[in-house]
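> Here it is, the structure in full.
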Amino acid sequence: MKNERIKRQVYTHIPVYSGDVSGAASALYEFGGLTVIHDPSGCNSTYNTFDELRWMNRESAIYISGLKESDAINGNDRKLLDDICETISSLSEKPAFIALCNSPVPDIIGTDFAALCHLLEKMTGIPTFYVHTNAMHDYTVGGANALEALAEKMLTGKKCCEQSVNLLGLTPFEFPYDAQIDRLYDVLESAGFRICANWGKGTAKHPVSFRDMSSASQADVSLVLSSIGIKAAEYLYEHFGIPYVIGNPLASYDFASIVFNDLKASISSKKLKNSYLSLLDDKASTAFIGESVTMGSEAAASALAGTPARLIRTTECEIGDIAQLHAESSRCPFFHGETEIAEQLKKAAVIHGDPLFKEARSHGVRGFDADRQTWVDEPHLAMSGRLYLQDRSE
């Protein structure tokens with residue numbers, strides 16, 4: 001039994017998703033803070049090289065501590081504090097906040113990040129918080145933890161504005177192209193909504209700033225566009241009474257209408273809504289594999305177009321934890337490990353997802369069979385990196 005459980009967690013032919021450290025750094029990228037990854041230099045190289053698309057056009061203050069084995073063994077936290085203070089003094093602008101992210105070694109030895117945050121605040125006068133990461137989870141967990149920690153530390157006040165919406169989880173992992181984000185703004189504004197705060201990726205036309213981020217507590221409703229946004233949405237709901245809706249209106253025109261109606265209903269009723277869950281069919285022969293909100297919305301759009309579809313959720317961050325949504329959350333269970341993914345692929349006739357999922361195997365047998373199944377390529381940055389991304393600006 002133990003060996004079988006281990007097998008379910010092993011990946012032999014497909015890569016794992018981008019890690020939680022990358023998710024955290026990506027989520028905080030454009031808010032004017034200093035993100036410190038406490039680790040040897042390898043993690044920063046992985047994040048910069050493979051998981052971030054914005055470096056060419058916009059820099060961000062993301063630094064690695066350069067943890068050495070001797071520092072880890074001896075607990076040399078003073079060096080970390082001094083290096084962070086030196087880094088801050090070298091920046092042209094004072095950071096709006098400092099975020100400390102963890103990695104495996106500090107996690108194992110029990111580094112006291114709460115104490116480090118307290119000391120850094122006293123030394124620098126800059127709000128400092130810890131983002132729980134340990135490089136053992138996928139990007140949705142790290143990104144969600146980062147936005148939740150940001151909300152807990154930085155948000156104050158509440159004042160609703162008419163039909164104003166927060167965009168939560170709008171990260172390059174799910175929205176790599178600027179054109180997608182500009183279109184999202186256009187469709188929401190055309191439907192009568194005003195964007196209050198974008199907690200994610202901005203564009204030249206719709207930039208993101210710390211000031212923009214800090215206005216999130218003033219919105220009427222939040223729109224969760226990926227799993228990364230769910231914990232921040234829950235925090236805004238619990239502490240500021242801002243309800244949220246889960247779904248990506250870019251999936252289709254018909255699905256966008258459902259999302260917009262849910263947003264308006266949530267503003268008036270203060271109830272939470274997942275726009276796609278009730279449209280999923282767990283017995284459908286068409287499947288969408290990947291991150292919950294993105295592929296769940298596309299599966300719902302397929303159902304509205306006349307083709308019932310189901311979701312094969314392969315990211316960790318749970319959508320549907322709140323009591324109002326829990327009854328429906330069984331429609332998108334998490335399939336953990338390559339074996340479980342391959343077994344789910346065998347049940348479908350048509351599959352939409354990242355091309356690398358085709359190689360998933362269960363006991364040496366591929367889950368996807370090109371002779372009897374159809375695969376529709378939908379590349380995902382968090383899975384295949386830049387391998388299949390197109391250079392497009394339209």
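Ligands are numbered from 1 in the order shown, residues from 1 within each chain, and chains are lettered A, B, ... in the order they appear in the structure tokens.
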So that I can check the surroundings of Asn74 (chain A), please list as a PyMOL selection string every protein, DNA and RNA residue that reaches within 12 Å of it, counting only C-alpha atoms and ignoring chain neighbours fewer than 6 positions away.
chain A and resi 67-68+106+109+111
> Which residues are close to region 143-152 of chain A, i.e. within 7 Å by only C-alpha atoms, leaving aside same-chain residues fewer than 4 positions away? Reply as number ranges by chain.
A: 20, 23-24, 27, 129, 131-132, 139, 228-232, 235
> Could you save those same residues with C-alpha atoms as a compact mmCIF listing (two decimals), in the first residue's frame?

```
# COMPACT_ATOMS: atom_id res chain seq x y z
CA ASP A 20 5.40 27.49 -5.00
CA GLY A 23 4.14 31.32 -7.75
CA ALA A 24 4.82 33.66 -4.83
CA ALA A 27 2.09 37.06 -7.65
CA PHE A 129 5.64 39.62 5.98
CA VAL A 131 5.01 33.91 2.55
CA HIS A 132 4.87 30.24 3.43
CA TYR A 139 2.75 27.53 -8.11
CA ILE A 228 -3.87 31.92 -7.06
CA GLY A 229 -6.56 34.45 -6.21
CA ILE A 230 -8.79 32.30 -4.00
CA LYS A 231 -7.18 32.90 -0.58
CA ALA A 232 -7.07 36.67 -1.07
CA TYR A 235 -9.73 37.18 3.14
```
> As a ChimeraX atom specification, please: every residue in region 7-237 of chain A that a backbone DSSP assignment puts in strand (DSSP E or B).
/A:19,34-37,61-64,98-101,128-131,138,164-170,194-200,221-224
> Hey, what's within 6 Å of Thr314 (chain A) if we count only C-alpha atoms and toss same-chain stuff fewer than 3 positions away? As a list in words, please?
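Neighbouring residues, sequence-local ones excluded: Gly290, Phe334 and Phe335 of chain A.
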> Could you produce a table of the residues of region 80-176 of chain A lying within 12 Å of region 215-223 of chain A, with the nearest pair of atoms per residue and their separation in Å rounded to one decimal, using only C-alpha atoms, ordered by chain and increasing residue number, as CSV?

```
residue,atom,partner,partner_atom,distance
A:Leu147,CA,A:Ala216,CA,11.6
A:Leu150,CA,A:Ala216,CA,11.2
A:Ala151,CA,A:Ala216,CA,8.8
A:Glu152,CA,A:Ser217,CA,11.3
A:Met154,CA,A:Ser215,CA,10.1
A:Leu155,CA,A:Ser217,CA,6.6
A:Thr156,CA,A:Ser217,CA,6.9
A:Gly157,CA,A:Ser217,CA,6.4
A:Lys158,CA,A:Gln218,CA,5.0
A:Lys159,CA,A:Gln218,CA,4.5
A:Cys160,CA,A:Gln218,CA,4.8
A:Cys161,CA,A:Ala219,CA,5.9
A:Glu162,CA,A:Asp220,CA,6.7
A:Gln163,CA,A:Asp220,CA,6.0
A:Ser164,CA,A:Ala219,CA,5.1
A:Val165,CA,A:Val221,CA,5.1
A:Asn166,CA,A:Ser222,CA,4.4
A:Leu167,CA,A:Leu223,CA,5.2
A:Leu168,CA,A:Leu223,CA,6.1
A:Gly169,CA,A:Leu223,CA,8.7
A:Leu170,CA,A:Leu223,CA,9.7
```
> With only C-alpha atoms as the counted atoms, please give the residues lying no more than 7 Å from region 366-371 of chain A, apart from itself and same-chain residues fewer than 6 positions off, as a short mmCIF file (atom, residue, chain, number, x, y, z; two decimals) with N, CA and C atoms, in the first residue's frame.

```cif
data_model
loop_
_atom_site.label_atom_id
_atom_site.label_comp_id
_atom_site.auth_asym_id
_atom_site.auth_seq_id
_atom_site.Cartn_x
_atom_site.Cartn_y
_atom_site.Cartn_z
N ALA A 342 -2.76 9.95 -15.79
CA ALA A 342 -2.84 9.06 -16.95
C ALA A 342 -4.14 8.25 -16.93
N GLU A 343 -4.55 7.78 -15.76
CA GLU A 343 -5.78 7.01 -15.66
C GLU A 343 -7.00 7.85 -16.05
N LEU A 345 -6.91 10.41 -18.17
CA LEU A 345 -6.83 10.64 -19.62
C LEU A 345 -7.44 9.49 -20.41
N LYS A 346 -7.29 8.27 -19.90
CA LYS A 346 -7.81 7.10 -20.61
C LYS A 346 -9.33 7.14 -20.76
N LYS A 358 0.35 14.63 -22.71
CA LYS A 358 0.19 13.43 -23.55
C LYS A 358 1.10 12.30 -23.12
N GLU A 359 2.22 12.64 -22.50
CA GLU A 359 3.23 11.64 -22.13
C GLU A 359 2.98 10.99 -20.78
N ALA A 360 1.93 11.40 -20.08
CA ALA A 360 1.66 10.83 -18.76
C ALA A 360 1.43 9.33 -18.85
#
```
> Taking only C-alpha atoms into account, which of A:Asp354, A:Asp254, A:Asp82, A:Glu291 comes nearest Gly306 (chain A)?
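Of all the options, A:Asp254 lies closest to Gly306 (chain A).
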> Using only C-alpha atoms, determine which residues lie at most 10 Å from Pro40 (chain A), disregarding the query and same-chain residues fewer than 5 positions distant; provide the list as a list in words.
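Selected residues are Ser45, Ile64, Ser65, Gly66, Leu67, Lys68, Glu69, Ser103 and Val105 of chain A.
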> What does the structure give for the distance between CA of Asn248 (chain A) and CA of Glu298 (chain A), in Å to one decimal?
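Interatomic distance here is 8.2 Å.
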> Which neighbours of Ser26 (chain A) fall inside 8 Å, counting only C-alpha atoms, when residues of the same chain fewer than 4 positions from it are skipped, and could you give them as a ChimeraX atom specification?
/A:22,52,143,171-172
> Would you save the residues of that selection, restricted to C-alpha atoms, as a CSV table (one decimal), in the first residue's frame?

```
chain,number,residue,atom,x,y,z
A,22,SER,CA,7.9,30.9,-8.4
A,52,GLU,CA,8.8,34.6,-15.6
A,143,GLY,CA,0.8,32.4,-5.3
A,171,THR,CA,-0.9,36.0,-13.4
A,172,PRO,CA,1.3,35.2,-16.5
```
> List the spatial neighbours of Ala114 (chain A) as JSON, numbers by chain - criterion: any atom at most 12 Å away, only C-alpha atoms, same-chain residues fewer than 5 positions off excluded.
{"A": [99, 100, 101, 102, 119, 120, 121, 128, 129, 130, 131, 132]}
> Nearest to Asp51 (chain A): which of A:Arg183, A:His380, A:Lys347, A:Arg313 is it, counting only C-alpha atoms?
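Checking each candidate against Asp51 (chain A), we get A:His380 as the closest.
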> So what do you get for CA of Leu91 (chain A) versus CA of Gly142 (chain A), distance-wise?
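Answer for the CA of Leu91 (chain A) to CA of Gly142 (chain A) separation: 25.4 Å.
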> So, counting only C-alpha atoms, which residue among A:Gly125, A:Asn198, A:Ser227, A:Ser214 is closest to Lys94 (chain A)?
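Using only C-alpha atoms, Lys94 (chain A) sits closest to A:Gly125.
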> If you run DSSP over the backbone, which residues in region 66-218 of chain A end up alpha helix (DSSP H)? Put them as a PyMOL selection string.
chain A and resi 69-74+77-90+104-109+113-124+139-154+178-190+210-213
> For Ser384 (chain A), which residue among A:Gly353, A:Gly247, A:Gly296, A:Pro127 is the nearest when counting only C-alpha atoms?
A:Gly353
> Closest to Ile258 (chain A) among A:Leu356, A:Val208, A:Val245, A:Val36, using only C-alpha atoms?
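Checking each candidate against Ile258 (chain A), we get A:Val245 as the closest.
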> Determine the nearest neighbour of Leu188 (chain A) from the options A:Ser89, A:Leu263, A:Pro379, A:Tyr47, counting only C-alpha atoms.
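Closest residue, counting only C-alpha atoms: A:Leu263.
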